[in-house]
>>> print(open('work.txt').read())   # compact mmCIF, C-alpha atoms and all ligand atoms
# COMPACT_ATOMS: atom_id res chain seq x y z
CA MET T 2 -47.99 130.35 140.72
CA ARG T 3 -46.45 130.32 137.26
CA GLU T 4 -48.63 131.19 134.34
CA SER T 5 -48.93 128.40 131.84
CA ILE T 6 -47.86 129.16 128.30
CA SER T 7 -50.75 128.93 125.92
CA ALA T 8 -50.60 127.89 122.28
CA PRO T 9 -49.96 129.00 119.63
CA PHE T 10 -46.25 128.95 120.37
CA PRO T 11 -44.18 131.44 118.46
CA ALA T 12 -42.91 129.78 115.32
CA ILE T 13 -39.35 128.47 115.68
CA GLY T 14 -37.40 128.18 112.45
CA LEU T 15 -36.53 124.62 111.46
CA SER T 16 -33.13 123.57 110.20
CA ALA T 17 -32.60 123.41 106.46
CA ARG T 18 -32.01 119.68 106.95
CA ALA T 19 -35.40 119.16 108.61
CA GLU T 20 -37.14 121.41 106.07
CA ALA T 21 -35.72 119.39 103.18
CA LEU T 22 -36.52 115.99 104.67
CA LYS T 23 -39.44 114.01 103.27
CA PRO T 24 -41.25 112.01 105.95
CA SER T 25 -41.42 108.26 105.27
CA SER T 26 -44.44 107.62 103.04
CA THR T 27 -44.56 103.95 103.99
CA LEU T 28 -44.80 104.79 107.70
CA ALA T 29 -47.42 107.43 106.82
CA VAL T 30 -49.61 104.84 105.07
CA THR T 31 -49.27 102.46 108.04
CA ALA T 32 -50.23 105.26 110.44
CA LYS T 33 -53.24 106.23 108.30
CA ILE T 34 -54.51 102.63 108.21
CA LYS T 35 -54.12 102.33 111.99
CA THR T 36 -56.12 105.54 112.49
CA MET T 37 -58.90 104.34 110.16
CA VAL T 38 -59.05 100.93 111.86
CA ALA T 39 -59.17 102.62 115.30
CA ALA T 40 -62.11 104.69 114.02
CA GLY T 41 -63.95 101.45 113.16
CA VAL T 42 -63.39 101.49 109.37
CA ASP T 43 -62.92 98.03 107.87
CA VAL T 44 -59.71 98.64 105.92
CA ILE T 45 -57.72 95.87 104.29
CA GLY T 46 -54.12 96.97 104.66
CA PHE T 47 -51.61 96.00 102.00
CA GLY T 48 -49.40 98.85 103.14
CA ALA T 49 -47.37 97.43 105.98
CA GLY T 50 -43.76 96.41 105.50
CA GLU T 51 -43.83 94.03 108.44
CA PRO T 52 -44.75 90.40 109.10
CA ASP T 53 -48.19 89.87 110.61
CA PHE T 54 -46.84 86.97 112.71
CA ASP T 55 -45.90 87.20 116.37
CA THR T 56 -42.26 86.93 117.36
CA PRO T 57 -41.49 83.21 118.01
CA ALA T 58 -42.17 82.27 121.64
CA HIS T 59 -38.63 81.14 122.54
CA ILE T 60 -37.25 84.55 121.50
CA ARG T 61 -39.86 86.40 123.53
CA GLN T 62 -39.01 84.19 126.50
CA ALA T 63 -35.32 85.06 126.23
CA ALA T 64 -36.12 88.78 126.59
CA ILE T 65 -38.61 88.20 129.42
CA LEU T 66 -36.02 86.15 131.30
CA ALA T 67 -33.44 88.88 130.75
CA ILE T 68 -35.73 91.56 132.22
CA GLU T 69 -36.63 89.37 135.17
CA SER T 70 -33.02 88.59 135.90
CA GLY T 71 -32.23 92.31 136.10
CA ARG T 72 -30.76 92.96 132.66
CA THR T 73 -31.88 96.56 132.72
CA ARG T 74 -28.76 98.73 132.63
CA TYR T 75 -26.52 100.27 130.00
CA GLU T 76 -24.65 97.78 127.85
CA PRO T 77 -21.66 98.18 125.51
CA THR T 78 -22.65 100.63 122.75
CA PRO T 79 -22.12 98.36 119.70
CA GLY T 80 -23.73 95.36 121.47
CA THR T 81 -22.40 92.75 123.87
CA MET T 82 -19.57 90.50 122.74
CA GLU T 83 -22.02 87.55 122.89
CA ALA T 84 -24.54 89.23 120.62
CA ARG T 85 -21.94 90.56 118.15
CA SER T 86 -20.24 87.16 118.06
CA ALA T 87 -23.59 85.49 117.39
CA VAL T 88 -24.09 87.83 114.41
CA ALA T 89 -20.56 87.07 113.17
CA ARG T 90 -21.17 83.32 113.46
CA TYR T 91 -24.46 83.76 111.60
CA MET T 92 -22.68 85.54 108.73
CA ASN T 93 -20.13 82.73 108.61
CA ARG T 94 -22.66 79.94 108.80
CA ARG T 95 -25.28 81.25 106.39
CA HIS T 96 -23.23 83.28 103.95
CA GLY T 97 -19.67 82.00 104.25
CA PHE T 98 -18.63 85.50 105.30
CA ASP T 99 -15.57 85.10 107.52
CA VAL T 100 -15.99 87.87 110.11
CA ASP T 101 -15.77 88.21 113.88
CA ALA T 102 -17.32 90.42 116.55
CA ARG T 103 -15.09 93.39 115.61
CA ASN T 104 -16.81 93.48 112.22
CA VAL T 105 -20.28 93.85 113.76
CA ILE T 106 -22.34 96.66 115.27
CA ILE T 107 -25.85 96.18 116.58
CA SER T 108 -28.14 99.17 116.14
CA VAL T 109 -31.72 100.34 116.57
CA GLY T 110 -32.99 98.48 113.50
CA GLY T 111 -31.39 98.11 110.11
CA LYS T 112 -32.56 101.66 109.47
CA HIS T 113 -30.32 103.15 112.13
CA ALA T 114 -27.38 100.94 111.12
CA LEU T 115 -27.75 102.38 107.63
CA TYR T 116 -27.88 105.94 108.91
CA LEU T 117 -24.74 105.39 111.01
CA ALA T 118 -22.92 104.09 107.93
CA PHE T 119 -23.94 107.10 105.84
CA MET T 120 -22.80 109.43 108.65
CA ALA T 121 -19.54 107.55 109.14
CA LEU T 122 -18.55 107.34 105.47
CA MET T 123 -20.21 110.04 103.41
CA ASN T 124 -18.74 113.51 102.87
CA ASP T 125 -20.62 116.55 101.58
CA GLY T 126 -21.16 116.24 97.85
CA ASP T 127 -20.44 112.50 97.67
CA GLU T 128 -22.80 110.77 95.31
CA LEU T 129 -24.97 107.76 96.05
CA LEU T 130 -25.82 105.59 93.05
CA LEU T 131 -29.32 104.39 93.70
CA PRO T 132 -31.06 101.82 91.53
CA ALA T 133 -34.77 102.68 91.19
CA PRO T 134 -37.27 101.66 92.40
CA TYR T 135 -35.75 102.01 95.87
CA TRP T 136 -36.72 101.92 99.52
CA VAL T 137 -37.72 105.46 100.51
CA THR T 138 -35.14 105.74 103.29
CA TYR T 139 -31.95 105.59 101.18
CA PRO T 140 -32.24 108.97 99.46
CA ALA T 141 -33.49 110.62 102.66
CA GLN T 142 -30.53 109.39 104.70
CA ALA T 143 -27.96 110.19 101.99
CA GLN T 144 -29.36 113.71 101.88
CA LEU T 145 -29.14 114.04 105.68
CA ALA T 146 -25.50 112.98 105.45
CA GLY T 147 -24.78 115.76 102.94
CA GLY T 148 -24.68 113.56 99.86
CA THR T 149 -26.34 113.72 96.48
CA VAL T 150 -28.27 110.96 94.78
CA ARG T 151 -27.96 109.72 91.22
CA ILE T 152 -30.81 107.42 90.24
CA ILE T 153 -30.13 104.44 87.99
CA GLN T 154 -33.51 103.57 86.54
CA GLY T 155 -34.17 99.83 86.52
CA ARG T 156 -36.28 98.67 83.57
CA VAL T 157 -39.56 96.81 84.07
CA GLU T 158 -38.61 94.21 81.46
CA ASN T 159 -35.52 93.34 83.52
CA GLY T 160 -37.51 92.98 86.76
CA PHE T 161 -36.26 96.48 87.67
CA LYS T 162 -32.74 95.15 88.11
CA ILE T 163 -29.87 97.25 86.78
CA THR T 164 -27.35 95.78 84.35
CA PRO T 165 -23.55 96.12 84.44
CA SER T 166 -23.60 98.56 81.51
CA GLU T 167 -26.28 100.70 83.18
CA LEU T 168 -24.15 100.78 86.34
CA GLU T 169 -20.96 101.58 84.42
CA ALA T 170 -22.69 104.43 82.56
CA ALA T 171 -23.93 105.99 85.80
CA ILE T 172 -20.56 106.13 87.57
CA GLY T 173 -19.18 109.67 87.61
CA PRO T 174 -16.30 111.47 89.35
CA ARG T 175 -18.30 112.06 92.57
CA SER T 176 -19.82 108.56 92.80
CA ARG T 177 -18.81 106.94 96.08
CA PHE T 178 -21.70 104.67 97.14
CA LEU T 179 -23.91 102.08 95.52
CA VAL T 180 -26.95 100.48 97.16
CA ILE T 181 -27.75 96.87 96.36
CA ASN T 182 -31.01 95.74 97.94
CA SER T 183 -31.87 92.21 96.91
CA PRO T 184 -34.52 90.86 97.53
CA ASN T 185 -35.87 94.29 96.89
CA ASN T 186 -38.31 96.58 98.60
CA PRO T 187 -40.55 97.66 96.82
CA THR T 188 -40.30 95.44 93.72
CA GLY T 189 -40.10 91.96 95.31
CA THR T 190 -37.57 90.96 92.65
CA MET T 191 -34.06 89.66 93.26
CA TYR T 192 -30.70 89.43 91.49
CA SER T 193 -29.44 85.99 90.48
CA PRO T 194 -25.91 85.10 91.69
CA ASP T 195 -24.63 85.61 88.11
CA GLU T 196 -26.25 89.03 87.83
CA LEU T 197 -24.68 90.05 91.14
CA ARG T 198 -21.26 88.79 90.04
CA ALA T 199 -21.54 90.83 86.85
CA LEU T 200 -22.31 93.98 88.87
CA ALA T 201 -19.43 93.11 91.20
CA GLU T 202 -17.01 93.16 88.26
CA VAL T 203 -17.99 96.76 87.55
CA VAL T 204 -17.58 97.70 91.21
CA LEU T 205 -14.11 96.09 91.25
CA ARG T 206 -13.07 98.30 88.33
CA HIS T 207 -13.93 101.42 90.41
CA PRO T 208 -11.86 101.29 93.61
CA ARG T 209 -13.52 104.36 95.13
CA LEU T 210 -16.96 102.76 95.19
CA ILE T 211 -18.36 101.49 98.49
CA VAL T 212 -21.33 99.14 98.36
CA PHE T 213 -24.16 99.23 100.86
CA ALA T 214 -25.62 95.72 100.60
CA ASP T 215 -29.02 95.70 102.26
CA ASP T 216 -29.69 92.02 102.96
CA ILE T 217 -32.66 92.58 105.27
CA TYR T 218 -34.96 90.29 103.21
CA GLU T 219 -32.37 87.53 102.72
CA ARG T 220 -34.44 84.83 104.50
CA LEU T 221 -37.58 85.61 102.50
CA VAL T 222 -36.77 84.10 99.14
CA TYR T 223 -39.29 82.23 96.94
CA GLY T 224 -37.89 82.34 93.44
CA PRO T 225 -35.41 80.23 91.53
CA HIS T 226 -32.26 82.00 92.80
CA PRO T 227 -30.31 81.26 95.96
CA PHE T 228 -29.42 84.31 98.02
CA VAL T 229 -25.82 85.55 97.79
CA SER T 230 -24.46 88.26 100.07
CA PHE T 231 -22.62 90.82 97.93
CA ALA T 232 -19.54 91.09 100.19
CA THR T 233 -18.77 87.37 99.71
CA ILE T 234 -18.41 87.56 95.93
CA HIS T 235 -14.77 88.68 95.98
CA PRO T 236 -12.26 89.20 98.84
CA GLU T 237 -11.81 92.86 97.88
CA LEU T 238 -15.55 93.43 98.09
CA ALA T 239 -15.53 92.17 101.67
CA THR T 240 -13.49 95.25 102.57
CA ARG T 241 -15.51 97.67 100.43
CA THR T 242 -19.00 96.57 101.39
CA VAL T 243 -21.12 97.44 104.39
CA THR T 244 -23.73 94.73 104.83
CA PHE T 245 -27.01 95.52 106.58
CA ASN T 246 -29.35 93.01 108.10
CA GLY T 247 -31.45 92.55 111.22
CA LEU T 248 -34.14 90.56 112.95
CA SER T 249 -37.17 92.66 111.94
CA LYS T 250 -38.32 90.83 108.83
CA SER T 251 -36.92 87.29 109.18
CA TYR T 252 -37.94 86.79 112.81
CA ALA T 253 -41.10 88.93 112.91
CA MET T 254 -39.44 91.40 115.30
CA THR T 255 -40.08 94.80 113.72
CA GLY T 256 -41.04 96.49 116.98
CA TRP T 257 -37.98 95.25 118.87
CA ARG T 258 -35.70 97.45 116.77
CA ILE T 259 -32.72 95.17 116.26
CA GLY T 260 -30.55 95.61 113.19
CA PHE T 261 -26.89 95.15 112.47
CA ALA T 262 -24.14 96.14 110.10
CA VAL T 263 -21.09 94.12 109.13
CA ALA T 264 -18.03 95.98 107.84
CA ALA T 265 -14.30 96.55 108.25
CA PRO T 266 -13.36 97.11 111.94
CA HIS T 267 -12.39 100.79 111.46
CA VAL T 268 -15.80 101.49 109.90
CA ILE T 269 -17.54 99.70 112.76
CA LYS T 270 -15.49 101.77 115.23
CA ALA T 271 -16.63 105.02 113.59
CA MET T 272 -20.25 103.85 113.62
CA ASP T 273 -19.82 102.86 117.28
CA ALA T 274 -18.57 106.37 118.11
CA LEU T 275 -21.58 107.91 116.34
CA GLN T 276 -24.01 105.53 118.00
CA GLY T 277 -22.43 106.39 121.36
CA GLN T 278 -23.46 110.00 120.83
CA MET T 279 -26.91 109.19 119.46
CA THR T 280 -28.66 106.27 121.11
CA SER T 281 -26.01 104.31 123.05
CA ASN T 282 -26.72 100.57 123.11
CA ILE T 283 -29.96 99.04 121.88
CA THR T 284 -32.37 97.92 124.62
CA SER T 285 -30.39 95.87 127.14
CA PHE T 286 -32.74 92.89 127.46
CA ASN T 287 -32.76 92.42 123.68
CA MET T 288 -29.11 91.33 123.71
CA PRO T 289 -29.73 87.72 124.84
CA ALA T 290 -32.76 87.55 122.52
CA ILE T 291 -30.44 88.17 119.57
CA VAL T 292 -28.36 85.12 120.45
CA THR T 293 -31.52 83.04 120.94
CA ALA T 294 -33.00 84.19 117.62
CA LEU T 295 -29.89 83.55 115.56
CA GLU T 296 -28.77 80.33 117.25
CA GLY T 297 -32.01 78.79 118.54
CA PRO T 298 -34.52 76.76 116.51
CA GLN T 299 -35.18 78.23 113.06
CA ASP T 300 -38.41 76.31 112.28
CA ASP T 301 -40.61 79.38 112.77
CA VAL T 302 -38.57 81.37 110.26
CA GLU T 303 -39.10 78.65 107.67
CA LYS T 304 -42.82 78.37 108.47
CA MET T 305 -43.25 82.11 108.01
CA ARG T 306 -41.30 81.98 104.75
CA GLU T 307 -43.56 79.21 103.46
CA ALA T 308 -46.66 81.19 104.41
CA PHE T 309 -45.31 84.28 102.61
CA ALA T 310 -44.45 82.18 99.55
CA CYS T 311 -48.02 80.89 99.38
CA ARG T 312 -49.56 84.33 99.91
CA GLY T 313 -47.23 85.92 97.36
CA ALA T 314 -48.19 83.32 94.75
CA ARG T 315 -51.89 83.95 95.38
CA MET T 316 -51.51 87.72 95.22
CA TYR T 317 -49.47 87.49 92.01
CA GLU T 318 -52.03 85.19 90.34
CA ARG T 319 -54.90 87.49 91.22
CA LEU T 320 -53.15 90.73 90.24
CA CYS T 321 -52.19 89.25 86.86
CA ALA T 322 -55.84 88.39 86.24
CA MET T 323 -57.05 91.96 86.87
CA PRO T 324 -57.73 94.17 83.87
CA GLY T 325 -55.14 96.92 83.39
CA LEU T 326 -52.48 95.55 85.75
CA ALA T 327 -49.11 94.01 84.88
CA CYS T 328 -47.06 92.46 87.64
CA ALA T 329 -43.67 90.76 88.00
CA ARG T 330 -43.68 87.53 90.02
CA PRO T 331 -42.48 88.20 93.59
CA GLU T 332 -39.21 86.35 94.21
CA GLY T 333 -38.38 87.69 97.63
CA ALA T 334 -39.38 90.05 100.48
CA PHE T 335 -43.19 90.32 100.79
CA TYR T 336 -44.17 92.79 98.11
CA ALA T 337 -45.95 92.75 94.77
CA PHE T 338 -45.38 95.81 92.61
CA PRO T 339 -47.88 96.01 89.76
CA ASP T 340 -47.75 98.52 86.93
CA ILE T 341 -50.97 100.55 86.91
CA SER T 342 -50.15 102.81 83.95
CA ALA T 343 -52.97 101.35 81.82
CA LEU T 344 -55.47 102.59 84.42
CA LEU T 345 -54.11 106.12 84.78
CA GLY T 346 -56.35 108.69 83.11
CA ARG T 347 -59.50 106.74 84.07
CA ARG T 348 -62.12 108.20 86.41
CA ASP T 349 -63.49 106.69 89.61
CA GLU T 350 -67.18 106.60 90.57
CA MET T 351 -66.95 110.12 92.02
CA GLY T 352 -65.68 111.35 88.65
CA THR T 353 -62.14 111.99 89.94
CA GLU T 354 -59.47 111.42 87.33
CA LEU T 355 -56.66 109.09 88.44
CA ARG T 356 -53.63 111.00 87.22
CA SER T 357 -50.96 109.41 89.39
CA SER T 358 -50.34 106.39 91.55
CA SER T 359 -51.10 108.62 94.56
CA ASP T 360 -54.56 109.43 93.11
CA PHE T 361 -54.99 105.71 92.48
CA ALA T 362 -54.06 104.76 96.07
CA THR T 363 -56.21 107.53 97.59
CA SER T 364 -59.31 106.58 95.61
CA LEU T 365 -58.77 102.86 96.27
CA LEU T 366 -58.54 103.55 100.00
CA GLU T 367 -61.49 105.91 100.17
CA GLN T 368 -63.85 103.98 97.93
CA ALA T 369 -62.85 100.34 98.37
CA ARG T 370 -61.12 100.58 101.77
CA VAL T 371 -57.98 98.89 100.49
CA ALA T 372 -54.64 100.44 101.44
CA VAL T 373 -51.63 100.24 99.12
CA VAL T 374 -48.52 102.42 98.88
CA PRO T 375 -48.21 104.64 95.79
CA GLY T 376 -45.00 104.20 93.82
CA GLU T 377 -43.93 107.86 93.57
CA ASP T 378 -41.72 107.86 96.65
CA PHE T 379 -40.05 104.63 95.54
CA GLY T 380 -39.08 106.30 92.26
CA ALA T 381 -41.76 104.40 90.30
CA PRO T 382 -44.70 106.73 89.64
CA THR T 383 -46.73 104.25 87.55
CA HIS T 384 -46.67 101.45 90.12
CA ILE T 385 -48.20 100.63 93.48
CA ARG T 386 -46.79 98.43 96.23
CA LEU T 387 -48.91 95.78 97.92
CA SER T 388 -47.54 93.89 100.90
CA PHE T 389 -48.66 90.28 101.24
CA ALA T 390 -47.72 90.13 104.91
CA THR T 391 -51.34 89.47 105.79
CA SER T 392 -53.55 86.36 105.86
CA LEU T 393 -54.80 84.61 102.71
CA GLU T 394 -58.38 85.49 103.69
CA ARG T 395 -57.52 89.19 103.93
CA ILE T 396 -55.60 88.98 100.65
CA ASN T 397 -58.61 87.44 98.91
CA GLU T 398 -61.04 89.91 100.43
CA GLY T 399 -58.81 92.93 99.65
CA LEU T 400 -58.21 91.81 96.08
CA ASP T 401 -61.95 91.15 95.56
CA ARG T 402 -62.58 94.73 96.60
CA MET T 403 -59.76 96.05 94.44
CA GLU T 404 -60.96 94.12 91.39
CA ALA T 405 -64.53 95.39 91.79
CA TRP T 406 -63.19 98.94 92.16
CA ILE T 407 -61.02 98.61 89.04
CA LEU T 408 -64.01 97.30 87.06
CA SER T 409 -65.99 100.36 88.17
CA LEU T 410 -63.43 102.81 86.73
CA ARG T 411 -64.51 104.65 83.62
C1 LIG T 501 -35.12 97.54 102.29
C2 LIG T 501 -35.17 97.74 103.76
N1 LIG T 501 -34.02 97.88 104.43
C3 LIG T 501 -34.00 98.06 105.75
C4 LIG T 501 -35.17 98.10 106.47
C5 LIG T 501 -35.02 98.34 107.94
O1 LIG T 501 -35.75 97.59 108.79
P1 LIG T 501 -35.55 97.74 110.36
O2 LIG T 501 -35.12 99.12 110.66
O3 LIG T 501 -36.88 97.39 110.94
O4 LIG T 501 -34.48 96.74 110.74
C6 LIG T 501 -36.41 97.99 105.82
C7 LIG T 501 -37.68 98.12 106.54
O5 LIG T 501 -38.71 98.39 106.01
C8 LIG T 501 -36.39 97.77 104.43
O6 LIG T 501 -37.53 97.62 103.73
>>> encode(input="work.txt", output="C-alpha cells")
Amino acid sequence: MRESISAPFPAIGLSARAEALKPSSTLAVTAKIKTMVAAGVDVIGFGAGEPDFDTPAHIRQAAILAIESGRTRYEPTPGTMEARSAVARYMNRRHGFDVDARNVIISVGGKHALYLAFMALMNDGDELLLPAPYWVTYPAQAQLAGGTVRIIQGRVENGFKITPSELEAAIGPRSRFLVINSPNNPTGTMYSPDELRALAEVVLRHPRLIVFADDIYERLVYGPHPFVSFATIHPELATRTVTFNGLSKSYAMTGWRIGFAVAAPHVIKAMDALQGQMTSNITSFNMPAIVTALEGPQDDVEKMREAFACRGARMYERLCAMPGLACARPEGAFYAFPDISALLGRRDEMGTELRSSSDFATSLLEQARVAVVPGEDFGAPTHIRLSFATSLERINEGLDRMEAWILSLR
C-alpha cells in the first residue's frame, strides 16, 4: 500500500505573475456574503454584480432541449456559425454595426473575451489608458498580458467621465489601448453620444490607439442618453475597436458564462487560436441558448430593466438623503457609487476610526450586516459601490440599517 502524503506540503514557489496578481475584490465580497448567509447571518448584500432574477424560461428551455437531444460534445472553438451569426445580427440590429460571423468570438463570459483580446494584442510594455474609477479586472488582465496601466482620473463633478483634453493629455509614446466602459461599473454613469464622439475624435488623431469598448451593460440604461456603441461612431473606429458584450447582465445569465467579442477578423482569429489552447469552446448546450436569447422574445429583458430603473431611483433618493453621503444619479448598469469622504475620520460604536472605504465597508458589514464594495480597488478610495440588483424590500431594509449605522458614527 502506498503511504498517503500528509500536509503541510513543501512550499512550491509561485510565478511572478501569480504573486503580483490581485484577486478580484468584487468576487471576494460576494463569497464573504455567501459564507455569512450560509452561517445563518442575516446580511443584506449590495455587493453582487449580478441580476437577482432567474434566466428567462424560454432560454433555459433551449439549453435543456439541447442537452436532451445529445448536444454534449466539443463544438467549434469560437462558437457555432449559428451562434456567431446570431451575435452578428444582434450587433447589426441593435447598434447598426455591420459585421458577420467572422467578426465574432464567443467566450467564457465577457471576462474571458477581454483576457483573450489583451493576450492577442498587447505586447510587453504596452500601455493601457484606463479611466478611473474602473472595473477591477482591467488592470489585472493588462498586467497579466505584460502591459502597464496609466490611470486617467475621472472627476466627480463630471460624473467620473473623462474629457477629450484629459484623454489627449494622458496619451504617451507607449499608449496602445483605451478602455471605454459605458454604462460604467462601478459608477453607474454613462457617456452621452456627444461625449463619446468627442473622445472618438481624439482616438482618431492617434492611429496607434486600440479601443476596448466594454458594452456589457448596454441594455441597462435609465438616464437621458441613448446607448451608442463606440465602434459605430466612425468607420475607422470599427477596425480599431474590440467590442465586448455578453448575456450575463442583460439576460440574467451570469452563471452560464457566455460572453462575446466583436472585432476585425484577424483579431478574432488570434483570439480563437488562444481560446483553442485555453478553454476550447464554451459549453456545448449553451450554443442554441445564445440564439434563443438574442432572437427570441425580449420582454423579460425590458421587465428586468424597468425593475432595475425603479430600484436605482429608490436607492439614489435614499442615499442622497443620508447625512455625509453624496451620490451621482445612476444612469446605467445597476450600481450607485456614493462619496463617503465626509464620513471618513469618524468612529463607529466600537471606537474604530473609519480611515478608508475598506474600514467603512468592514464596519458596516460587521455592525449593520450590510455588504457593500469599498472603492479602493476601483481606483476610488473615498467611495463605496452598492448594487441595486436586489428587491425593493431588501433595498429599503439595507438602507434603513445603513442610515441607522451612519447616524451612530461619532
Ligand atoms: C464592466 C464589466 N465588464 C465585463 C464583465 C464581465 O461579465 P461576464 O464575464 O459575466 O460576461 C463585468 C462583470 O462584472 C463587468 O462589470
>>> residues_around(input="work.txt", residues="T:Tyr192", least_positions_apart="5", cutoff="8 Å", atoms="all atoms listed in the file", output="ChimeraX atom specification")
/T:162,183-184,197,226
>>> residues_near_ligand(input="work.txt", ligand="ligand LIG 501 (chain T)", cutoff="7 Å", atoms="all atoms listed in the file", output="mmCIF file with C-alpha atoms, in the coordinates of the input")
data_model
loop_
_atom_site.group_PDB
_atom_site.id
_atom_site.type_symbol
_atom_site.label_atom_id
_atom_site.label_comp_id
_atom_site.auth_asym_id
_atom_site.auth_seq_id
_atom_site.Cartn_x
_atom_site.Cartn_y
_atom_site.Cartn_z
ATOM 1 C CA GLY T 50 -43.760 96.410 105.500
ATOM 2 C CA VAL T 109 -31.720 100.340 116.570
ATOM 3 C CA GLY T 110 -32.990 98.480 113.500
ATOM 4 C CA GLY T 111 -31.390 98.110 110.110
ATOM 5 C CA LYS T 112 -32.560 101.660 109.470
ATOM 6 C CA HIS T 113 -30.320 103.150 112.130
ATOM 7 C CA TRP T 136 -36.720 101.920 99.520
ATOM 8 C CA ASN T 182 -31.010 95.740 97.940
ATOM 9 C CA ASN T 185 -35.870 94.290 96.890
ATOM 10 C CA ASN T 186 -38.310 96.580 98.600
ATOM 11 C CA ASP T 215 -29.020 95.700 102.260
ATOM 12 C CA ILE T 217 -32.660 92.580 105.270
ATOM 13 C CA ASN T 246 -29.350 93.010 108.100
ATOM 14 C CA GLY T 247 -31.450 92.550 111.220
ATOM 15 C CA LEU T 248 -34.140 90.560 112.950
ATOM 16 C CA SER T 249 -37.170 92.660 111.940
ATOM 17 C CA THR T 255 -40.080 94.800 113.720
ATOM 18 C CA ARG T 258 -35.700 97.450 116.770
ATOM 19 C CA ILE T 259 -32.720 95.170 116.260
ATOM 20 C CA GLY T 260 -30.550 95.610 113.190
#
>>> closest_residue(input="work.txt", among="T:Phe213, T:Phe309, T:Phe379, T:Tyr139", to="T:Phe245", atoms="only C-alpha atoms")
T:Phe213
>>> atom_distance(input="work.txt", atom1="atom CA of T:Arg330", atom2="atom CA of T:Ile385")
14.3 Å
>>> atom_distance(input="work.txt", atom1="atom CA of T:Gly325", atom2="atom CA of T:Ser342")
7.7 Å
>>> atom_distance(input="work.txt", atom1="atom CA of T:Gly352", atom2="atom CA of T:Lys35")
27.6 Å
>>> residues_around(input="work.txt", residues="T:Leu320", least_positions_apart="2", cutoff="12 Å", atoms="only C-alpha atoms", output="number ranges by chain")
T: 313-318, 322-331, 337-341, 385-387, 389, 396-397, 399-401, 403-404, 407
>>> residues_near_point(input="work.txt", point="(-35.9, 83.4, 129.5)", cutoff="12 Å", atoms="all atoms listed in the file", output="PyMOL selection string")
chain T and resi 58-72+286-290+292-293
>>> closest_residue(input="work.txt", among="T:Met120, T:Ala262, T:Asn159, T:Pro132", to="T:Ala146", atoms="all atoms listed in the file")
T:Met120
>>> decode(input="work.txt", residues="stretch 68-81 of chain T", atoms="C-alpha atoms", output="short mmCIF file (atom, residue, chain, number, x, y, z; two decimals), in the first residue's frame")
data_model
loop_
_atom_site.label_atom_id
_atom_site.label_comp_id
_atom_site.auth_asym_id
_atom_site.auth_seq_id
_atom_site.Cartn_x
_atom_site.Cartn_y
_atom_site.Cartn_z
CA ILE T 68 -28.80 18.56 -23.54
CA GLU T 69 -31.66 16.15 -24.01
CA SER T 70 -31.11 15.97 -27.73
CA GLY T 71 -27.48 14.97 -27.17
CA ARG T 72 -25.69 18.28 -27.68
CA THR T 73 -22.88 17.26 -25.37
CA ARG T 74 -19.70 17.13 -27.46
CA TYR T 75 -16.96 19.53 -28.49
CA GLU T 76 -18.09 22.38 -30.71
CA PRO T 77 -16.15 24.83 -32.89
CA THR T 78 -13.81 26.82 -30.63
CA PRO T 79 -15.10 30.36 -31.38
CA GLY T 80 -18.76 29.20 -31.28
CA THR T 81 -21.04 27.63 -33.85
#
